[in-house]
Structure formats: structure tokens, C-alpha cells
Amino acid sequence: MRQLVFVLATLALATGCSRARVTTEIKANGSWTRTVVLAGQPKQEGMQMATALEDAMAIPSGPEWKLSEETKDSERIVTAVRTLAAGAALKGDISLKEDVPKPPPGQEAPKKEPSFVVVNEATVTRLGPRRFEYKETLRWVGPPSKAASNLKPEDLEQLKAMLPKALATDANARAVAEKSAALAIPILFGPGDPLLAMGLLHQDLALRRASQRMGGVMMKALEEQFGDKMPLAERREVTRKLIDAAFAQARPAKPDPAAGPSPDKGSSGKLTSLMFILKTTGKIISSNGEVDDLTGEVFWALFPDAASLKPVVMSAIVEVDPK
């Protein structure tokens, strides 16, 4: 077990990923306690090989938050806690930052206000004397993603190259991009079991899982779009290429310590792993998350890019214990 933990920790450090674990606990009176735990690399003087915590996400601040901080295994860990009344809304306690290009060696980065790619909003609403609804929404507020409507010319040409020559038109490439993005984004980035995380440890297995989850549906979508113009063998080949391309774009490159900092690579909150947990004194009536039968909690695991195509909404209805 210790060896496994060491491997995972080493991987997290190598890729420069930060982590956020957000726990919402609904009490018997409907008030809710919010605990945000943010972990990442501390800010360092000189060359920073891994993204510093404050460069990946905003740290909650203000008199309503109780903050504590520690350093453990070379990680900076910040915990922020606050309590809200039933019906209250909370915005922006999870705010992931946009890429910040690194300046060339010897030059100082220009100072500017941080921009964000994803921000959240959470509410707990009373539905009855003992029943409450938790809802949390992640919204993409950064630059447009590479979804079909925002394809760059080079991305469009790459997609056209995957299609048979007779079908390699701009319109067909955009249609395929729309279908593949709608299928690939939740599979790669969650919620659920995001295959991006698996791909960091076992790429072949992640690709196999993607084939299981996405392959048949994508092939059916291609059949509906192209009919007999794209035979079965070609549909299989196009689907395989789309899955490979999706993983190639999503998978982060490991930094090369010998190469030093690169001026075109920046800090980013987009690789921050996110875990949202809902706890209650009673029982879960319904949810769109995953239930842990041992703890009675609901959880959602994802990466920020899960919200790049449309907002991610996490919701659950709970019935609290009156005691």
C-alpha cells in the first residue's frame, strides 16, 4: 500500500497537478458546512517545475472563512471552512485559473489580475421539513474550448485527415467533432471515473476503457450521419483515431527537468483534480453522483475540462435525521 501511495504522489508531483476536495455537510436544521481542501506545490524562488498552488486556483478568503495551512510531503495544503444557512448560495470558492505563459529565462512575468477557466456555484435549498436539495454547478468561463464551433483551422484539417477522402469536407469534420466531443469529454474528464486519471498511470487500459464506453456509440453516430458512405471497417478506423486523438490532447506532458522552464508552457488549473463530496445526518433520496455505501456519502470526481462543453451540474436530494 505504501508503495502505491508513493507512486501516486510521485506522479502528481511530476505532472504538476493540484488537487481540490470539497465537502458539503448538511446538518439536521438545514445549515451546511463547507470544507475546501486545496493541495499543490508551494511557490518557489527561481525555476518552478511544477505549478504552484496559488497559480492553479484561487484560495478562499474573507472573514467568513476559517483558514488553516500545513506542509506535508512537500505539498502545500490549505483548508478553508465556513457554515451557511439553508437557502444560502456560495459562489467561487472553487475557481480554477487560466494558463499563464512563462516568460523566457531571466525575464519577469508581467503582473496582471488572474483570469479563470472554471468557477462554481453551490446551494442547499429546503424542499420540506426534513428534505433538502444540494446543487452545485461548474461553469466554463475561460477561452472557448476546441468544441466543434470553435475549431481552429489546423484542428479542422486534422479531423478531415481522419475521414475517407470522399467524406473529408469541413461540414462533415465539424459534425464529427460535435459528436466526438459530446461523448469524449465526460468520459475523459468526468464526472464519474475520468479516464484522464487512469491514462496517467496506465494509458493502454484507459484507451481500452474508452473503446468500451465510447466506441459503439460513436460508431452508431457515424453510421447515422454517413450511412453506407462509410462502411463498417472505415467507421471502426475513424472511431479509433478519434479516441487516440482525444487522449493525446488531454494527456499532460511530463516536465523535463533538464530542459528548464519553457516560455510557451504555463501554469494551469485545468489539470486540477476535483472531488466533491456530500454528507448528511440522514439519508440520500436521489442523486446524479456516486454513492459510497460504506460512508453513506455521495461523490463526484472530475477535471475542470468536464465543464468545457456545457455546465456540469451535481445534485442530490437528502432527508436529514431530526436527532
# chains A, B, ... in the order shown; residues from 1 in each chain; ligands from 1

$ residues_around --residues "Leu96 of chain A" --least-positions-apart "2" --cutoff "9 Å" --atoms "only C-alpha atoms" --output "list in words"
Asp55, Ala56, Met57, Ala58, Ile94, Glu98, Ser115, Phe116, Val117, Val118, Val119, Ser268, Gly269, Lys270, Thr272 and Pro304 of chain A

$ write_last_selection --atoms "N, CA and C atoms" --output "compact mmCIF listing (two decimals), in the first residue's frame"
# COMPACT_ATOMS: atom_id res chain seq x y z
N ASP A 55 -1.13 29.47 -8.31
CA ASP A 55 -1.19 29.70 -9.74
C ASP A 55 -2.22 28.82 -10.42
N ALA A 56 -2.67 27.78 -9.72
CA ALA A 56 -3.66 26.86 -10.29
C ALA A 56 -5.08 27.22 -9.90
N MET A 57 -5.27 27.78 -8.70
CA MET A 57 -6.63 28.08 -8.24
C MET A 57 -6.60 29.18 -7.20
N ALA A 58 -7.75 29.82 -7.04
CA ALA A 58 -7.89 30.85 -6.02
C ALA A 58 -8.13 30.20 -4.66
N ILE A 94 -14.49 27.52 -5.48
CA ILE A 94 -13.64 26.77 -6.40
C ILE A 94 -13.53 27.60 -7.67
N GLU A 98 -6.69 30.37 -15.38
CA GLU A 98 -6.30 30.21 -16.78
C GLU A 98 -4.79 30.03 -16.89
N SER A 115 -7.11 35.39 -14.36
CA SER A 115 -8.30 35.02 -15.11
C SER A 115 -8.61 33.56 -14.78
N PHE A 116 -9.86 33.21 -14.93
CA PHE A 116 -10.28 31.87 -14.54
C PHE A 116 -10.85 31.10 -15.72
N VAL A 117 -10.77 29.78 -15.63
CA VAL A 117 -11.37 28.93 -16.65
C VAL A 117 -12.67 28.30 -16.14
N VAL A 118 -12.73 27.99 -14.85
CA VAL A 118 -13.92 27.36 -14.28
C VAL A 118 -14.21 27.99 -12.92
N VAL A 119 -15.49 28.31 -12.68
CA VAL A 119 -15.94 28.76 -11.37
C VAL A 119 -17.19 27.98 -10.99
N SER A 268 -1.39 26.18 -14.90
CA SER A 268 -2.78 25.98 -15.27
C SER A 268 -3.53 25.28 -14.17
N GLY A 269 -4.82 25.70 -14.00
CA GLY A 269 -5.71 24.98 -13.10
C GLY A 269 -6.51 23.93 -13.82
N LYS A 270 -6.31 23.79 -15.13
CA LYS A 270 -7.14 22.86 -15.91
C LYS A 270 -6.82 21.40 -15.60
N THR A 272 -6.18 20.39 -12.50
CA THR A 272 -6.51 20.18 -11.11
C THR A 272 -7.56 19.08 -10.99
N PRO A 304 -11.47 19.96 -14.50
CA PRO A 304 -12.16 21.17 -14.95
C PRO A 304 -12.69 21.12 -16.37

$ residues_around --residues "Gly289 of chain A" --least-positions-apart "5" --cutoff "9 Å" --atoms "only C-alpha atoms" --output "PDB file with C-alpha atoms, in the first residue's frame"
ATOM      1  CA  PRO A 191     -17.911  13.247 -13.512  1.00  0.00           C
ATOM      2  CA  GLY A 192     -17.631   9.553 -12.763  1.00  0.00           C
ATOM      3  CA  VAL A 298     -22.250  10.927  -2.447  1.00  0.00           C
ATOM      4  CA  PHE A 299     -19.240  11.967  -4.503  1.00  0.00           C
ATOM      5  CA  TRP A 300     -18.336  13.339  -7.915  1.00  0.00           C
ATOM      6  CA  ALA A 301     -14.797  13.074  -9.351  1.00  0.00           C
ATOM      7  CA  MET A 314     -24.078  17.933  -9.451  1.00  0.00           C
ATOM      8  CA  SER A 315     -27.256  17.423  -7.465  1.00  0.00           C
ATOM      9  CA  ALA A 316     -28.768  15.342  -4.695  1.00  0.00           C
TER      10      ALA A 316
END

$ residues_around --residues "Ser74 of chain A" --least-positions-apart "2" --cutoff "10 Å" --atoms "only C-alpha atoms" --output "list in words"
Leu13, Gly40, Gln41, Pro42, Glu70, Thr71, Lys72, Arg76 and Ile77 of chain A

$ write_last_selection --atoms "C-alpha atoms" --output "compact mmCIF listing (two decimals), in the first residue's frame"
# COMPACT_ATOMS: atom_id res chain seq x y z
CA LEU A 13 4.43 15.91 -8.41
CA GLY A 40 -0.47 21.71 -4.56
CA GLN A 41 3.11 22.84 -4.84
CA PRO A 42 4.39 25.77 -2.77
CA GLU A 70 0.24 22.88 6.56
CA THR A 71 3.06 21.42 4.50
CA LYS A 72 3.09 17.66 4.10
CA ARG A 76 1.18 22.94 0.49
CA ILE A 77 -2.26 22.11 1.90

$ residues_around --residues "Ser61 of chain A" --least-positions-apart "3" --cutoff "12 Å" --atoms "only C-alpha atoms" --output "list of chain:residue names"
A:Val36, A:Ala58, A:Glu64, A:Trp65, A:Lys66, A:Leu67, A:Ser68, A:Val78, A:Thr79, A:Ala80, A:Val81, A:Arg82, A:Gly92, A:Asp93, A:Ile94

$ closest_atom_pairs --of "segment 115-165 of chain A" --to "segment 222-246 of chain A" --cutoff "8 Å" --atoms "only C-alpha atoms" --output "Markdown table"
| residue | atom | partner | partner_atom | distance |
| --- | --- | --- | --- | --- |
| A:Met162 | CA | A:Val238 | CA | 6.0 |
| A:Leu163 | CA | A:Val238 | CA | 6.5 |
| A:Pro164 | CA | A:Glu234 | CA | 7.6 |

$ write_last_selection --atoms "C-alpha atoms" --output "mmCIF file, in the first residue's frame"
data_model
loop_
_atom_site.group_PDB
_atom_site.id
_atom_site.type_symbol
_atom_site.label_atom_id
_atom_site.label_comp_id
_atom_site.auth_asym_id
_atom_site.auth_seq_id
_atom_site.Cartn_x
_atom_site.Cartn_y
_atom_site.Cartn_z
ATOM 1 C CA MET A 162 -9.182 11.081 -40.302
ATOM 2 C CA LEU A 163 -12.115 10.789 -42.697
ATOM 3 C CA PRO A 164 -12.180 8.954 -46.017
#

$ select_by_dssp --residues "segment 184-303 of chain A" --states "helix (DSSP H, G or I)" --output "mmCIF file with C-alpha atoms, in the first residue's frame"
data_model
loop_
_atom_site.group_PDB
_atom_site.id
_atom_site.type_symbol
_atom_site.label_atom_id
_atom_site.label_comp_id
_atom_site.auth_asym_id
_atom_site.auth_seq_id
_atom_site.Cartn_x
_atom_site.Cartn_y
_atom_site.Cartn_z
ATOM 1 C CA ALA A 184 -15.349 12.056 -25.117
ATOM 2 C CA ILE A 185 -15.464 14.979 -22.683
ATOM 3 C CA PRO A 186 -17.447 13.256 -19.903
ATOM 4 C CA ILE A 187 -15.537 10.001 -20.435
ATOM 5 C CA LEU A 188 -12.145 11.691 -20.216
ATOM 6 C CA PHE A 189 -12.853 14.362 -17.612
ATOM 7 C CA LEU A 195 -10.188 8.215 -17.818
ATOM 8 C CA LEU A 196 -7.628 11.024 -17.902
ATOM 9 C CA ALA A 197 -6.564 9.957 -14.394
ATOM 10 C CA MET A 198 -6.258 6.342 -15.477
ATOM 11 C CA GLY A 199 -4.358 7.408 -18.573
ATOM 12 C CA LEU A 200 -1.623 8.964 -16.431
ATOM 13 C CA LEU A 201 -0.889 5.568 -14.865
ATOM 14 C CA GLN A 203 -2.571 4.544 -20.916
ATOM 15 C CA ASP A 204 -3.338 1.239 -22.655
ATOM 16 C CA LEU A 205 -6.037 0.371 -20.125
ATOM 17 C CA ALA A 206 -7.536 3.855 -20.363
ATOM 18 C CA LEU A 207 -7.742 3.588 -24.149
ATOM 19 C CA ARG A 208 -9.386 0.186 -23.803
ATOM 20 C CA ARG A 209 -11.954 1.613 -21.357
ATOM 21 C CA ALA A 210 -12.634 4.482 -23.748
ATOM 22 C CA SER A 211 -13.222 1.974 -26.526
ATOM 23 C CA GLN A 212 -15.721 0.164 -24.293
ATOM 24 C CA ARG A 213 -17.618 3.292 -23.278
ATOM 25 C CA MET A 214 -17.386 5.380 -26.423
ATOM 26 C CA GLY A 215 -16.617 3.064 -29.330
ATOM 27 C CA GLY A 216 -20.005 1.506 -30.029
ATOM 28 C CA VAL A 217 -21.920 4.762 -29.549
ATOM 29 C CA MET A 218 -19.527 6.680 -31.789
ATOM 30 C CA MET A 219 -19.730 4.060 -34.497
ATOM 31 C CA LYS A 220 -23.527 4.258 -34.351
ATOM 32 C CA ALA A 221 -23.358 8.051 -34.654
ATOM 33 C CA LEU A 222 -21.108 7.771 -37.714
ATOM 34 C CA GLU A 223 -23.491 5.253 -39.258
ATOM 35 C CA GLU A 224 -26.432 7.596 -38.732
ATOM 36 C CA GLN A 225 -24.521 10.506 -40.248
ATOM 37 C CA PHE A 226 -22.895 8.803 -43.232
ATOM 38 C CA GLY A 227 -24.928 5.645 -43.814
ATOM 39 C CA ASP A 228 -23.497 3.362 -46.475
ATOM 40 C CA LYS A 229 -20.990 6.043 -47.490
ATOM 41 C CA LEU A 232 -18.097 -0.723 -41.054
ATOM 42 C CA ALA A 233 -14.313 -1.038 -41.359
ATOM 43 C CA GLU A 234 -13.928 2.691 -42.005
ATOM 44 C CA ARG A 235 -16.226 3.568 -39.073
ATOM 45 C CA ARG A 236 -14.053 1.468 -36.794
ATOM 46 C CA GLU A 237 -10.878 3.130 -38.043
ATOM 47 C CA VAL A 238 -12.275 6.673 -37.702
ATOM 48 C CA THR A 239 -13.574 5.925 -34.201
ATOM 49 C CA ARG A 240 -10.179 4.548 -33.137
ATOM 50 C CA LYS A 241 -8.405 7.645 -34.463
ATOM 51 C CA LEU A 242 -10.854 9.953 -32.665
ATOM 52 C CA ILE A 243 -10.284 8.174 -29.340
ATOM 53 C CA ASP A 244 -6.496 8.271 -29.793
ATOM 54 C CA ALA A 245 -6.609 11.982 -30.669
ATOM 55 C CA ALA A 246 -8.791 12.795 -27.668
ATOM 56 C CA PHE A 247 -6.313 11.147 -25.309
ATOM 57 C CA ALA A 248 -3.326 12.793 -26.990
ATOM 58 C CA GLN A 249 -4.867 16.250 -26.486
ATOM 59 C CA ALA A 250 -5.993 15.587 -22.897
ATOM 60 C CA PRO A 257 13.920 18.941 -15.557
ATOM 61 C CA ALA A 258 16.959 19.099 -17.860
ATOM 62 C CA ALA A 259 15.131 21.355 -20.309
#

$ closest_atom_pairs --of "segment 265-304 of chain A" --to "segment 123-146 of chain A" --cutoff "10 Å" --atoms "only C-alpha atoms" --output "CSV"
residue,atom,partner,partner_atom,distance
A:Phe276,CA,A:Glu136,CA,9.2
A:Leu278,CA,A:Tyr134,CA,8.3
A:Gly282,CA,A:Arg130,CA,9.2
A:Lys283,CA,A:Arg131,CA,9.8
A:Ile284,CA,A:Arg131,CA,9.8
A:Ile285,CA,A:Arg131,CA,9.0
A:Ser286,CA,A:Glu133,CA,9.5
A:Ser287,CA,A:Tyr134,CA,9.1
A:Pro304,CA,A:Trp140,CA,8.2

$ write_last_selection --atoms "N, CA and C atoms" --output "PDB file, in the first residue's frame"
ATOM      1  N   PHE A 276     -15.849  16.320  -5.237  1.00  0.00           N
ATOM      2  CA  PHE A 276     -16.936  16.928  -4.476  1.00  0.00           C
ATOM      3  C   PHE A 276     -17.648  15.836  -3.689  1.00  0.00           C
ATOM      4  N   LEU A 278     -20.726  14.965  -0.697  1.00  0.00           N
ATOM      5  CA  LEU A 278     -21.900  15.406   0.045  1.00  0.00           C
ATOM      6  C   LEU A 278     -22.143  14.466   1.213  1.00  0.00           C
ATOM      7  N   GLY A 282     -28.765  12.254   7.637  1.00  0.00           N
ATOM      8  CA  GLY A 282     -29.842  11.309   7.333  1.00  0.00           C
ATOM      9  C   GLY A 282     -29.505  10.388   6.190  1.00  0.00           C
ATOM     10  N   LYS A 283     -30.318  10.420   5.122  1.00  0.00           N
ATOM     11  CA  LYS A 283     -30.118   9.504   4.009  1.00  0.00           C
ATOM     12  C   LYS A 283     -30.233  10.237   2.679  1.00  0.00           C
ATOM     13  N   ILE A 284     -29.644   9.627   1.683  1.00  0.00           N
ATOM     14  CA  ILE A 284     -29.695  10.159   0.327  1.00  0.00           C
ATOM     15  C   ILE A 284     -30.952   9.618  -0.355  1.00  0.00           C
ATOM     16  N   ILE A 285     -31.813  10.529  -0.817  1.00  0.00           N
ATOM     17  CA  ILE A 285     -33.030  10.110  -1.519  1.00  0.00           C
ATOM     18  C   ILE A 285     -32.741   9.860  -2.988  1.00  0.00           C
ATOM     19  N   SER A 286     -32.015  10.770  -3.603  1.00  0.00           N
ATOM     20  CA  SER A 286     -31.643  10.627  -5.019  1.00  0.00           C
ATOM     21  C   SER A 286     -30.433  11.501  -5.291  1.00  0.00           C
ATOM     22  N   SER A 287     -29.684  11.167  -6.350  1.00  0.00           N
ATOM     23  CA  SER A 287     -28.544  11.990  -6.745  1.00  0.00           C
ATOM     24  C   SER A 287     -28.081  11.573  -8.131  1.00  0.00           C
ATOM     25  N   PRO A 304     -11.468  19.957 -14.497  1.00  0.00           N
ATOM     26  CA  PRO A 304     -12.161  21.168 -14.946  1.00  0.00           C
ATOM     27  C   PRO A 304     -12.693  21.124 -16.366  1.00  0.00           C
TER      28      PRO A 304
END

$ atom_distance --atom1 "atom CA of Ile59 of chain A" --atom2 "atom CA of Leu302 of chain A"
19.1 Å

$ atom_distance --atom1 "atom CA of Ala39 of chain A" --atom2 "atom CA of Leu309 of chain A"
26.3 Å

$ atom_distance --atom1 "atom CA of Glu25 of chain A" --atom2 "atom CA of Val320 of chain A"
10.7 Å

$ select_by_dssp --residues "segment 81-255 of chain A" --states "strand (DSSP E)" --output "ChimeraX atom specification"
/A:81-84,89-97,100-101,116-126,131-140

$ closest_residue --among "A:Ser31, A:Thr169, A:Ser18, A:Gln158" --to "Thr281 of chain A" --atoms "only C-alpha atoms"
A:Ser31

$ closest_residue --among "A:Ala88, A:Ala175, A:Val22, A:Val37" --to "Leu159 of chain A" --atoms "only C-alpha atoms"
A:Ala175
